[in-house]
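Engineer: If it helps, the file is called coords.pdb and holds PDB, C-alpha atoms:
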```pdb
ATOM      1  CA  MET A1341      -7.666 -33.427  -6.130
ATOM      2  CA  MET A1342      -7.054 -32.620  -2.510
ATOM      3  CA  PRO A1343      -5.874 -29.120  -1.515
ATOM      4  CA  ASP A1344      -3.090 -30.632   0.600
ATOM      5  CA  GLU A1345      -1.684 -32.449  -2.434
ATOM      6  CA  LEU A1346      -1.502 -29.224  -4.404
ATOM      7  CA  ASP A1347       0.179 -27.470  -1.464
ATOM      8  CA  GLU A1348       2.757 -30.236  -1.262
ATOM      9  CA  ILE A1349       3.637 -30.011  -4.956
ATOM     10  CA  LEU A1350       3.993 -26.247  -4.870
ATOM     11  CA  ARG A1351       6.009 -26.334  -1.662
ATOM     12  CA  SER A1352       8.343 -29.064  -2.874
ATOM     13  CA  ASP A1353       9.654 -27.112  -5.872
ATOM     14  CA  GLU A1354      13.359 -27.645  -6.481
ATOM     15  CA  THR A1355      15.894 -24.846  -6.120
ATOM     16  CA  ILE A1356      18.832 -23.889  -8.305
ATOM     17  CA  GLU A1357      22.282 -22.588  -7.402
ATOM     18  CA  PRO A1358      23.397 -19.306  -8.985
ATOM     19  CA  SER A1359      26.375 -19.676 -11.338
ATOM     20  CA  PRO A1360      29.813 -19.082  -9.752
ATOM     21  CA  GLY A1361      30.264 -15.892 -11.795
ATOM     22  CA  PHE A1362      26.885 -14.425 -10.911
ATOM     23  CA  VAL A1363      28.062 -12.106  -8.110
ATOM     24  CA  SER A1364      30.949 -10.733 -10.178
ATOM     25  CA  ALA A1365      28.631 -10.174 -13.168
ATOM     26  CA  VAL A1366      26.221  -8.206 -10.977
ATOM     27  CA  MET A1367      29.068  -6.207  -9.445
ATOM     28  CA  ARG A1368      30.535  -5.383 -12.862
ATOM     29  CA  ALA A1369      27.122  -4.039 -13.888
ATOM     30  CA  THR A1370      26.872  -2.156 -10.582
ATOM     31  CA  TYR A1371      30.275  -0.467 -11.022
ATOM     32  CA  ARG A1372      29.346   0.411 -14.598
ATOM     33  CA  GLU A1373      26.110   1.913 -13.284
ATOM     34  CA  SER A1374      27.895   3.904 -10.558
ATOM     35  CA  THR A1375      30.433   5.416 -12.979
ATOM     36  CA  GLU A1376      27.825   6.433 -15.537
ATOM     37  CA  LEU A1377      26.525   9.972 -15.417
ATOM     38  CA  PRO A1378      23.006  10.178 -14.021
ATOM     39  CA  PRO A1379      20.359  10.595 -16.723
ATOM     40  CA  LEU A1380      19.331  14.158 -17.492
ATOM     41  CA  ARG A1381      16.267  15.193 -15.564
ATOM     42  CA  PHE A1382      13.280  16.571 -17.410
ATOM     43  CA  PRO A1383      13.521  20.387 -17.242
ATOM     44  CA  TRP A1384      10.230  20.906 -15.421
ATOM     45  CA  SER A1385      11.052  24.506 -14.454
ATOM     46  CA  ARG A1386      11.665  25.532 -18.070
ATOM     47  CA  PHE A1387       8.646  23.532 -19.158
ATOM     48  CA  GLY A1388       6.534  25.377 -16.550
ATOM     49  CA  ILE A1389       7.803  28.775 -17.716
ATOM     50  CA  GLY A1390       6.982  27.801 -21.295
ATOM     51  CA  VAL A1391       3.473  26.709 -20.393
ATOM     52  CA  ALA A1392       2.909  29.920 -18.382
ATOM     53  CA  ALA A1393       4.132  32.032 -21.329
ATOM     54  CA  CYS A1394       1.825  30.152 -23.704
ATOM     55  CA  ALA A1395      -1.117  30.683 -21.352
ATOM     56  CA  LEU A1396      -0.303  34.382 -21.081
ATOM     57  CA  MET A1397      -0.089  34.747 -24.843
ATOM     58  CA  THR A1398      -3.326  32.842 -25.360
ATOM     59  CA  GLY A1399      -5.052  35.059 -22.781
ATOM     60  CA  SER A1400      -3.702  38.192 -24.405
ATOM     61  CA  ALA A1401      -4.805  36.965 -27.818
ATOM     62  CA  GLY A1402      -8.281  36.311 -26.423
ATOM     63  CA  VAL A1403      -8.518  39.826 -25.008
ATOM     64  CA  LEU A1404      -7.291  41.338 -28.262
ATOM     65  CA  TRP A1405      -9.694  39.178 -30.238
ATOM     66  CA  SER A1406     -12.643  40.335 -28.161
ATOM     67  CA  ARG A1407     -11.647  43.987 -28.744
ATOM     68  CA  VAL A1408     -11.364  43.636 -32.513
ATOM     69  CA  GLU A1409     -14.317  41.249 -32.788
ATOM     70  CA  VAL A1410     -16.349  43.768 -34.744
ATOM     71  CA  ALA A1411     -13.601  44.221 -37.280
ATOM     72  CA  ALA A1412     -12.909  40.491 -37.677
ATOM     73  CA  PRO A1413     -14.143  38.916 -40.880
ATOM     74  CA  ARG A1414     -17.470  37.176 -40.385
ATOM     75  CA  VAL A1415     -16.277  34.055 -42.136
ATOM     76  CA  LEU A1416     -13.508  33.614 -39.544
ATOM     77  CA  ILE A1417     -16.019  33.798 -36.685
ATOM     78  CA  HIS A1418     -18.136  31.109 -38.315
ATOM     79  CA  LEU A1419     -15.105  28.907 -38.679
ATOM     80  CA  LEU A1420     -14.094  29.313 -35.023
ATOM     81  CA  PRO A1421     -15.411  25.901 -33.784
ATOM     82  CA  GLN A1422     -13.667  24.087 -36.630
ATOM     83  CA  LEU A1423     -10.445  25.982 -35.981
ATOM     84  CA  ALA A1424     -10.637  25.151 -32.277
ATOM     85  CA  TYR A1425     -11.243  21.485 -33.096
ATOM     86  CA  ALA A1426      -8.273  21.383 -35.496
ATOM     87  CA  THR A1427      -6.000  23.112 -32.962
ATOM     88  CA  ALA A1428      -7.040  20.731 -30.182
ATOM     89  CA  THR A1429      -6.407  17.729 -32.448
ATOM     90  CA  LEU A1430      -2.978  19.062 -33.375
ATOM     91  CA  LEU A1431      -2.069  19.676 -29.730
ATOM     92  CA  ILE A1432      -3.220  16.211 -28.641
ATOM     93  CA  THR A1433      -1.205  14.632 -31.486
ATOM     94  CA  LEU A1434       1.907  16.560 -30.447
ATOM     95  CA  VAL A1435       1.461  15.536 -26.803
ATOM     96  CA  LEU A1436       0.996  11.869 -27.757
ATOM     97  CA  LEU A1437       4.097  11.978 -29.957
ATOM     98  CA  SER A1438       6.139  13.529 -27.146
ATOM     99  CA  LEU A1439       4.920  11.127 -24.439
ATOM    100  CA  PRO A1440       7.619   8.451 -24.934
ATOM    101  CA  ARG A1441      10.338  11.124 -24.738
ATOM    102  CA  LEU A1442       8.769  12.848 -21.738
ATOM    103  CA  THR A1443       8.422   9.590 -19.829
ATOM    104  CA  GLY A1444      11.937   8.535 -20.808
ATOM    105  CA  ARG A1445      10.759   5.487 -22.814
ATOM    106  CA  ASP A1446      12.153   5.389 -26.302
ATOM    107  CA  ALA A1447      10.283   3.208 -28.750
TER     108      ALA A1447
ATOM    109  CA  MET B1471      25.088  -8.854  14.003
ATOM    110  CA  SER B1472      21.774  -9.987  12.474
ATOM    111  CA  SER B1473      21.229 -10.302   8.738
ATOM    112  CA  ASP B1474      19.030  -7.193   8.782
ATOM    113  CA  ASP B1475      21.749  -5.202  10.580
ATOM    114  CA  GLN B1476      24.346  -6.395   8.071
ATOM    115  CA  ASP B1477      22.090  -5.359   5.189
ATOM    116  CA  ALA B1478      21.398  -1.973   6.784
ATOM    117  CA  ALA B1479      25.136  -1.410   7.309
ATOM    118  CA  ALA B1480      25.947  -2.440   3.718
ATOM    119  CA  ALA B1481      23.149  -0.209   2.390
ATOM    120  CA  ALA B1482      24.482   2.749   4.398
ATOM    121  CA  ARG B1483      27.982   2.203   2.938
ATOM    122  CA  VAL B1484      26.570   2.051  -0.600
ATOM    123  CA  ILE B1485      24.611   5.274  -0.074
ATOM    124  CA  ALA B1486      27.771   6.888   1.333
ATOM    125  CA  GLY B1487      29.495   6.190  -2.004
ATOM    126  CA  ASP B1488      31.020   2.713  -1.674
ATOM    127  CA  PRO B1489      29.455   0.594  -4.462
ATOM    128  CA  GLY B1490      31.679  -2.332  -3.439
ATOM    129  CA  ALA B1491      29.573  -2.773  -0.288
ATOM    130  CA  PHE B1492      26.698  -3.801  -2.515
ATOM    131  CA  GLY B1493      28.629  -7.051  -3.092
ATOM    132  CA  ASP B1494      27.761  -8.152   0.477
ATOM    133  CA  ILE B1495      24.070  -7.709  -0.309
ATOM    134  CA  VAL B1496      24.359  -9.561  -3.623
ATOM    135  CA  ARG B1497      26.232 -12.473  -2.013
ATOM    136  CA  ARG B1498      23.662 -12.734   0.784
ATOM    137  CA  TRP B1499      20.556 -12.557  -1.409
ATOM    138  CA  GLN B1500      21.628 -14.033  -4.763
ATOM    139  CA  HIS B1501      20.121 -17.429  -3.973
ATOM    140  CA  ARG B1502      16.745 -15.966  -3.088
ATOM    141  CA  LEU B1503      16.450 -13.601  -6.066
ATOM    142  CA  VAL B1504      17.702 -16.114  -8.635
ATOM    143  CA  ASN B1505      15.319 -18.785  -7.340
ATOM    144  CA  LEU B1506      12.346 -16.429  -7.299
ATOM    145  CA  ALA B1507      13.144 -15.480 -10.915
ATOM    146  CA  TRP B1508      13.535 -19.158 -11.775
ATOM    147  CA  ARG B1509       9.980 -19.807 -10.615
ATOM    148  CA  PHE B1510       8.794 -17.282 -13.192
ATOM    149  CA  CYS B1511      10.766 -18.671 -16.135
ATOM    150  CA  ARG B1512      12.085 -22.185 -15.271
ATOM    151  CA  HIS B1513      15.333 -21.338 -17.090
ATOM    152  CA  GLN B1514      18.611 -20.703 -15.255
ATOM    153  CA  ALA B1515      20.282 -18.211 -17.628
ATOM    154  CA  THR B1516      17.097 -16.147 -17.929
ATOM    155  CA  ALA B1517      16.593 -16.301 -14.159
ATOM    156  CA  GLU B1518      20.119 -14.971 -13.537
ATOM    157  CA  ASP B1519      19.566 -12.208 -16.084
ATOM    158  CA  MET B1520      16.318 -11.227 -14.366
ATOM    159  CA  ALA B1521      17.941 -11.366 -10.917
ATOM    160  CA  GLN B1522      20.804  -9.141 -12.113
ATOM    161  CA  GLU B1523      18.244  -6.629 -13.372
ATOM    162  CA  ALA B1524      16.518  -6.778  -9.969
ATOM    163  CA  PHE B1525      19.793  -6.197  -8.101
ATOM    164  CA  LEU B1526      20.576  -3.188 -10.308
ATOM    165  CA  LYS B1527      17.120  -1.780  -9.682
ATOM    166  CA  ALA B1528      17.639  -2.289  -5.942
ATOM    167  CA  TYR B1529      21.047  -0.564  -6.194
ATOM    168  CA  ARG B1530      19.450   2.444  -7.872
ATOM    169  CA  SER B1531      16.628   2.704  -5.351
ATOM    170  CA  LEU B1532      18.609   1.823  -2.230
ATOM    171  CA  GLY B1533      18.296   5.421  -1.063
ATOM    172  CA  GLY B1534      14.525   4.923  -0.933
ATOM    173  CA  PHE B1535      14.749   2.077   1.600
ATOM    174  CA  ARG B1536      13.400   3.624   4.795
ATOM    175  CA  GLY B1537      13.642   0.589   7.026
ATOM    176  CA  GLU B1538       9.864   0.470   7.533
ATOM    177  CA  SER B1539       9.892  -3.191   6.503
ATOM    178  CA  GLN B1540      12.616  -5.826   6.704
ATOM    179  CA  PHE B1541      15.315  -5.482   4.074
ATOM    180  CA  SER B1542      14.500  -8.962   2.728
ATOM    181  CA  THR B1543      10.834  -7.969   2.232
ATOM    182  CA  TRP B1544      11.837  -4.738   0.478
ATOM    183  CA  LEU B1545      14.353  -6.490  -1.777
ATOM    184  CA  THR B1546      11.909  -9.292  -2.662
ATOM    185  CA  ALA B1547       9.254  -6.697  -3.530
ATOM    186  CA  VAL B1548      11.732  -4.851  -5.782
ATOM    187  CA  ALA B1549      12.618  -8.166  -7.457
ATOM    188  CA  LEU B1550       8.976  -9.143  -7.887
ATOM    189  CA  ASN B1551       8.158  -5.821  -9.567
ATOM    190  CA  THR B1552      11.162  -6.249 -11.856
ATOM    191  CA  TYR B1553      10.079  -9.753 -12.854
ATOM    192  CA  ARG B1554       6.504  -8.621 -13.461
ATOM    193  CA  SER B1555       7.715  -5.798 -15.719
ATOM    194  CA  ARG B1556       9.933  -8.241 -17.578
ATOM    195  CA  LEU B1557       6.998 -10.578 -18.168
ATOM    196  CA  ARG B1558       4.858  -7.672 -19.345
ATOM    197  CA  GLN B1559       7.586  -6.504 -21.738
ATOM    198  CA  ASP B1560       8.038  -9.967 -23.186
ATOM    199  CA  ARG B1561       4.229 -10.388 -23.301
ATOM    200  CA  GLN B1562       4.503 -14.132 -22.791
ATOM    201  CA  PRO B1563       5.638 -16.467 -20.043
ATOM    202  CA  LEU B1564       9.414 -16.829 -20.037
ATOM    203  CA  LEU B1565       9.275 -20.583 -20.252
ATOM    204  CA  GLY B1566      12.642 -22.101 -20.914
ATOM    205  CA  ARG B1567      11.488 -25.568 -21.804
ATOM    206  CA  LYS B1568       8.631 -27.118 -23.706
ATOM    207  CA  PRO B1569       5.128 -25.698 -23.144
ATOM    208  CA  VAL B1570       2.636 -27.436 -20.918
ATOM    209  CA  GLU B1571       0.977 -30.272 -22.798
ATOM    210  CA  PRO B1572      -1.602 -32.843 -21.761
ATOM    211  CA  VAL B1573      -0.062 -36.030 -20.422
ATOM    212  CA  ASP B1574      -1.092 -39.629 -20.697
ATOM    213  CA  THR B1575      -2.601 -40.726 -17.392
ATOM    214  CA  ALA B1576      -3.303 -44.314 -18.281
ATOM    215  CA  PRO B1577      -3.025 -46.544 -15.219
ATOM    216  CA  GLY B1578       0.082 -48.629 -14.902
ATOM    217  CA  PRO B1579       3.582 -48.513 -13.445
ATOM    218  CA  GLN B1580       5.128 -45.085 -13.722
ATOM    219  CA  SER B1581       8.766 -44.265 -13.380
ATOM    220  CA  ALA B1582       9.992 -41.636 -10.967
ATOM    221  CA  LEU B1583      11.007 -39.591 -13.992
ATOM    222  CA  GLN B1584       7.436 -39.523 -15.312
ATOM    223  CA  GLN B1585       6.109 -38.527 -11.906
ATOM    224  CA  GLY B1586       8.714 -35.778 -11.665
ATOM    225  CA  GLN B1587       7.612 -34.515 -15.059
ATOM    226  CA  ARG B1588       4.007 -34.458 -13.892
ATOM    227  CA  ALA B1589       4.920 -32.381 -10.836
ATOM    228  CA  GLU B1590       6.861 -30.053 -13.125
ATOM    229  CA  LEU B1591       3.775 -29.691 -15.333
ATOM    230  CA  VAL B1592       1.737 -28.597 -12.325
ATOM    231  CA  ARG B1593       4.379 -25.998 -11.437
ATOM    232  CA  ARG B1594       4.458 -24.761 -15.005
ATOM    233  CA  ALA B1595       0.660 -24.613 -15.088
ATOM    234  CA  VAL B1596       1.004 -21.988 -12.333
ATOM    235  CA  LEU B1597       2.693 -19.736 -14.909
ATOM    236  CA  THR B1598      -0.385 -19.867 -17.131
ATOM    237  CA  LEU B1599      -2.625 -18.405 -14.401
ATOM    238  CA  PRO B1600      -3.683 -14.735 -14.552
ATOM    239  CA  ALA B1601      -0.845 -12.558 -13.230
ATOM    240  CA  ARG B1602      -2.300 -11.769  -9.792
ATOM    241  CA  TYR B1603      -3.003 -15.437  -9.013
ATOM    242  CA  ARG B1604       0.347 -16.540 -10.428
ATOM    243  CA  ASP B1605       2.192 -13.993  -8.277
ATOM    244  CA  ALA B1606       0.222 -14.941  -5.160
ATOM    245  CA  ILE B1607       1.107 -18.622  -5.579
ATOM    246  CA  LEU B1608       4.752 -18.030  -6.493
ATOM    247  CA  VAL B1609       5.426 -15.656  -3.613
ATOM    248  CA  TYR B1610       3.449 -17.522  -0.932
ATOM    249  CA  TYR B1611       5.038 -20.891  -1.650
ATOM    250  CA  PHE B1612       8.485 -19.380  -2.215
ATOM    251  CA  GLU B1613      10.777 -20.226   0.701
ATOM    252  CA  ASP B1614       7.629 -20.801   2.781
ATOM    253  CA  LEU B1615       6.902 -17.131   3.323
ATOM    254  CA  ASP B1616       3.988 -16.578   5.690
ATOM    255  CA  ILE B1617       0.804 -14.745   4.719
ATOM    256  CA  THR B1618       1.894 -11.490   6.392
ATOM    257  CA  GLU B1619       5.256 -11.263   4.641
ATOM    258  CA  SER B1620       3.839 -12.468   1.313
ATOM    259  CA  ALA B1621       1.159  -9.774   1.461
ATOM    260  CA  ARG B1622       3.813  -7.142   2.200
ATOM    261  CA  VAL B1623       5.949  -8.307  -0.730
ATOM    262  CA  LEU B1624       2.926  -8.238  -3.035
ATOM    263  CA  GLY B1625       1.761  -4.897  -1.652
ATOM    264  CA  ILE B1626      -1.782  -6.131  -0.900
ATOM    265  CA  ALA B1627      -3.871  -6.775   2.220
ATOM    266  CA  GLU B1628      -3.669 -10.177   3.906
ATOM    267  CA  GLY B1629      -7.374 -10.844   3.274
ATOM    268  CA  THR B1630      -6.919 -10.093  -0.420
ATOM    269  CA  LEU B1631      -3.989 -12.483  -0.602
ATOM    270  CA  LYS B1632      -5.983 -15.250   1.093
ATOM    271  CA  ALA B1633      -8.813 -14.781  -1.407
ATOM    272  CA  GLN B1634      -6.368 -14.767  -4.325
ATOM    273  CA  LEU B1635      -4.674 -17.942  -3.084
ATOM    274  CA  HIS B1636      -8.026 -19.677  -2.742
ATOM    275  CA  ARG B1637      -9.056 -18.693  -6.269
ATOM    276  CA  ALA B1638      -5.604 -19.560  -7.650
ATOM    277  CA  ARG B1639      -5.762 -23.085  -6.185
ATOM    278  CA  GLU B1640      -9.231 -23.603  -7.678
ATOM    279  CA  LEU B1641      -8.075 -22.439 -11.104
ATOM    280  CA  LEU B1642      -4.925 -24.527 -10.909
ATOM    281  CA  ARG B1643      -6.847 -27.629  -9.928
ATOM    282  CA  SER B1644      -9.249 -27.254 -12.847
ATOM    283  CA  ARG B1645      -6.374 -26.617 -15.278
ATOM    284  CA  CYS B1646      -4.514 -29.658 -14.056
ATOM    285  CA  GLU B1647      -7.617 -31.757 -14.550
ATOM    286  CA  ARG B1648      -7.954 -30.397 -18.069
ATOM    287  CA  LEU B1649      -4.353 -31.431 -18.702
ATOM    288  CA  GLY B1650      -5.229 -34.918 -17.561
ATOM    289  CA  LEU B1651      -3.262 -34.647 -14.312
ATOM    290  CA  ARG B1652      -4.605 -36.254 -11.171
ATOM    291  CA  LEU B1653      -2.717 -35.021  -8.159
ATOM    292  CA  SER B1654      -3.089 -38.359  -6.437
ATOM    293  CA  ASP B1655      -0.747 -39.740  -9.141
ATOM    294  CA  LEU B1656       1.938 -37.430  -7.832
ATOM    295  CA  GLN B1657       1.758 -38.462  -4.214
ATOM    296  CA  THR B1658       4.338 -41.221  -4.526
ATOM    297  CA  GLU B1659       6.818 -38.831  -6.114
ATOM    298  CA  ILE B1660       6.466 -36.253  -3.373
ATOM    299  CA  SER B1661       6.415 -38.533  -0.357
TER     300      SER B1661
END
```
How does this structure look as structure tokens?

Structural biologist:
Amino acid sequence: MMPDELDEILRSDETIEPSPGFVSAVMRATYRESTELPPLRFPWSRFGIGVAACALMTGSAGVLWSRVEVAAPRVLIHLLPQLAYATATLLITLVLLSLPRLTGRDA
Amino acid sequence: MSSDDQDAAAAARVIAGDPGAFGDIVRRWQHRLVNLAWRFCRHQATAEDMAQEAFLKAYRSLGGFRGESQFSTWLTAVALNTYRSRLRQDRQPLLGRKPVEPVDTAPGPQSALQQGQRAELVRRAVLTLPARYRDAILVYYFEDLDITESARVLGIAEGTLKAQLHRARELLRSRCERLGLRLSDLQTEIS
């Protein structure tokens, strides 16, 4: 097989004519698109405030925890790694479940 | 007024709130977008559906056209991305007719119809290539775009495109041979 032959075949591909109603179909869809309300934007500002509040609360909880560490039941301290693991798993699951909604892709 | 100026003027009217001006763009570029889509699916109705999707995507992102490249390059790139996404969503080539099958290459008189079918098989074999090689071939040979414009449409460097075209031709040649196609058989049909 010669390279020139392959070039010729690929270059000589036939063309098609769009249907007579193609332009009007596209324009109908365009007008429909222009009259539709724009999709709601993800509320990043509220999301940011929420994340900041969560961080603040977590920080506060950490400080409080360190102050009452002596009084905390020993069993709870031993279980801390497991609790952290379970919490992280739960958070990751929630994030994964929310991803399609956050990215605007419904299943 | 050049085609680029007409497109720029129509785009400005659309951005200013006149969606009807988009009709000028659709009329001017329908042939190109439908034919590019047709190369991906070899089926007219599907190609028109894909081209409509591409035009709508272009309509939505018209405000993002900065004029850094020609309008035709920008629009073709938008269309190409739309077609790629469509292929990814469907997870299979959008072939409208029968799949590529090996053909009988026994020597003997062959009708023009048979030779045409063989050429069609080669073109359809392009659609079985890995996506980056398929896209390189389809864009480069589409309306005889040059390397520079093809690379811009594909969003890659010219050197990368040259390497991809070289590899794509090698792959295509070996696949055609596996299908029992000898390109020399097709010469009479093309010339």

Engineer: Using all atoms listed in the file, which protein or nucleic acid residues come within 12 Å of Glu1619 of chain B? Drop anything in the same chain fewer than 4 positions from it, and give the result as a list in words.

Structural biologist: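 Selected residues are Ser1539, Gln1540, Phe1541, Ser1542, Thr1543, Trp1544, Thr1546, Ala1547, Ala1606, Val1609, Tyr1610, Tyr1611, Phe1612, Glu1613, Asp1614, Leu1615, Val1623, Leu1624, Gly1625, Ile1626, Ala1627, Glu1628 and Leu1631 of chain B.
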
Engineer: Counting all atoms listed in the file, a student should be able to say which residues of chain B come within 8 Å of chain A; what is the right answer, written as number ranges by chain?

Structural biologist: B: 1489-1490, 1492-1493, 1496-1497, 1500-1501, 1504-1505, 1508, 1514, 1518, 1522, 1525-1526, 1529, 1589, 1592-1593, 1611-1612, 1614, 1639, 1643, 1652-1654, 1657, 1660

Engineer: Report, in Å with one decimal, the straight-line distance from atom CA of Gly1534 of chain B to atom CA of Ala1601 of chain B.

Structural biologist: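 About the pair atom CA of Gly1534 of chain B and atom CA of Ala1601 of chain B: they are 26.3 Å apart.
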
Engineer: Contacts of Leu1532 of chain B at 9 Å or less, counting all atoms listed in the file, minus same-chain residues fewer than 6 places along, as an NGL selection string?

Structural biologist: :B and (1481-1482 or 1484-1485)

Engineer: Grab the atom CA of Gln1634 of chain B to atom CA of Phe1535 of chain B distance for me, in Å with one decimal place.

Structural biologist: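 Separation between atom CA of Gln1634 of chain B and atom CA of Phe1535 of chain B: 27.7 Å.
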
Engineer: Return the single residue from B:Ser1644, B:Thr1618, B:Ser1473, B:Ser1531 that is closest to Leu1599 of chain B, with distances computed using all atoms listed in the file.

Structural biologist: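 Closest candidate: B:Ser1644.
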
Engineer: Using atom CA of Asp1494 of chain B and atom CA of Arg1536 of chain B as the two end points, give the distance in Å to one decimal.

Structural biologist: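 For atom CA of Asp1494 of chain B relative to atom CA of Arg1536 of chain B, the distance reads 19.1 Å.
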